[in-house]
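All remarks here apply to the structure that follows.
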Amino acid sequence: MHHVVMQKELREPQTWVDIAAYLNNVPITRQAQTGDGAHVGLGRGIFHEQCATCHRANAHGDSDGFVPSLRNQHYDYLVDQLHKLAEGSRHNVDEDLIRFWRSLEDQDVRATADYLSRLRGPGNVHKTMRHDGNVVD
């Protein structure tokens with residue numbers, strides 16, 4: 001998101017007013033989009049075997065802000081972010097995690113995203129990690 005909001009077109013205050021007005025009129029999505037459900041069991045297994053140690057068994061993330069909650073996310077967004085993680089495009093990601101996601105087939109990524117997209121409820125309330133790695137309130 002940082003790359004998007006740093007574009008020169010967004011530097012004018014009126015642009016931010018216009019964006020805020022638009023977003024205030026967008027209908028709220030009540031439920032995250034999910035995948036087709038065909039391989040949810042596979043995704044659950046991958047998550048609990050490889051991801052739950054850091055993201056917690058309930059995918060709430062940690063309370064310090066270093067590990068994000070993966071709950072309440074849209075399927076397409078999760079697929080995209082998992083692919084970006086494998087490409088090394090996400091910041092502050094362990095090299096072993098990148099290697100792991102690179103080793104998976106697309107079906108495995110989609111299965112994991114589908115499983116995660118079905119998890120509801122609040123994540124941990126935590127501090128925010130900035131792009132430079134510093135955690136702030």
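Identifiers in the structure tokens: chain A, B, ... in order shown; residue index from 1 per chain; ligand index from 1 in order shown.
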Each residue of region 70-117 of chain A with at least one atom at most 6 Å from region 23-41 of chain A should appear once, together with its nearest atom pair and the corresponding distance in Å (one decimal); atoms considered: only C-alpha atoms; ordering: chain, then increasing residue number; output as a Markdown table.
```
| residue | atom | partner | partner_atom | distance |
| --- | --- | --- | --- | --- |
| A:Asn72 | CA | A:Ala32 | CA | 5.9 |
| A:Gln73 | CA | A:Ala32 | CA | 5.8 |
| A:His74 | CA | A:Ala32 | CA | 4.8 |
| A:Tyr75 | CA | A:Thr34 | CA | 4.9 |
| A:Ala111 | CA | A:His39 | CA | 5.2 |
| A:Asp114 | CA | A:Gly35 | CA | 4.8 |
| A:Tyr115 | CA | A:Val40 | CA | 5.0 |
| A:Ser117 | CA | A:Thr34 | CA | 5.3 |
```
Just-selected residues, C-alpha atoms written as a tab-separated table (two decimals), in the first residue's frame:
```
chain	number	residue	atom	x	y	z
A	72	ASN	CA	-11.07	-11.98	7.62
A	73	GLN	CA	-9.08	-11.68	4.39
A	74	HIS	CA	-10.45	-12.10	0.87
A	75	TYR	CA	-9.35	-15.20	-1.00
A	111	ALA	CA	-5.79	-24.21	-0.87
A	114	ASP	CA	-9.07	-20.72	0.72
A	115	TYR	CA	-8.69	-22.13	4.22
A	117	SER	CA	-10.31	-16.85	3.84
```
message: For the structure I just gave you, how does DSSP split chain A - specifically, which residues are alpha helix (DSSP H)? Reply as a PyMOL selection string.
response: chain A and resi 2-5+13-24+40-46+52-55+75-87+95-103+106-117
message: Can you tell me, as a VMD selection string, which residues in chain A count as strand (DSSP E or B) by DSSP?
response: chain A and resid 128 to 129 135 to 136
task: Quick one: pull the distance between CA of Ser69 (chain A) and CA of Leu10 (chain A), Å, one decimal.
output: 28.4 Å
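We find CA of Glu87 (chain A) and CA of Arg102 (chain A) to be spaced 7.5 Å apart.
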- request: Determine, counting only C-alpha atoms, which protein, DNA and RNA residues have an atom within 10 Å of an atom of region 50-61 of chain A; residues of the same chain fewer than 3 positions away are not included. Present the result as a list in words.
  value: Arg44, Gly45, Ile46, Phe47, Asp64, Gly65, Phe66, Val67, Pro68, Ser69, Leu70, Arg71, Asn72, Leu97, Phe100, Trp101, Thr112, Leu116, Leu119, Arg120, Gly121, Pro122, Gly123, Asn124, Val125 and His126 of chain A
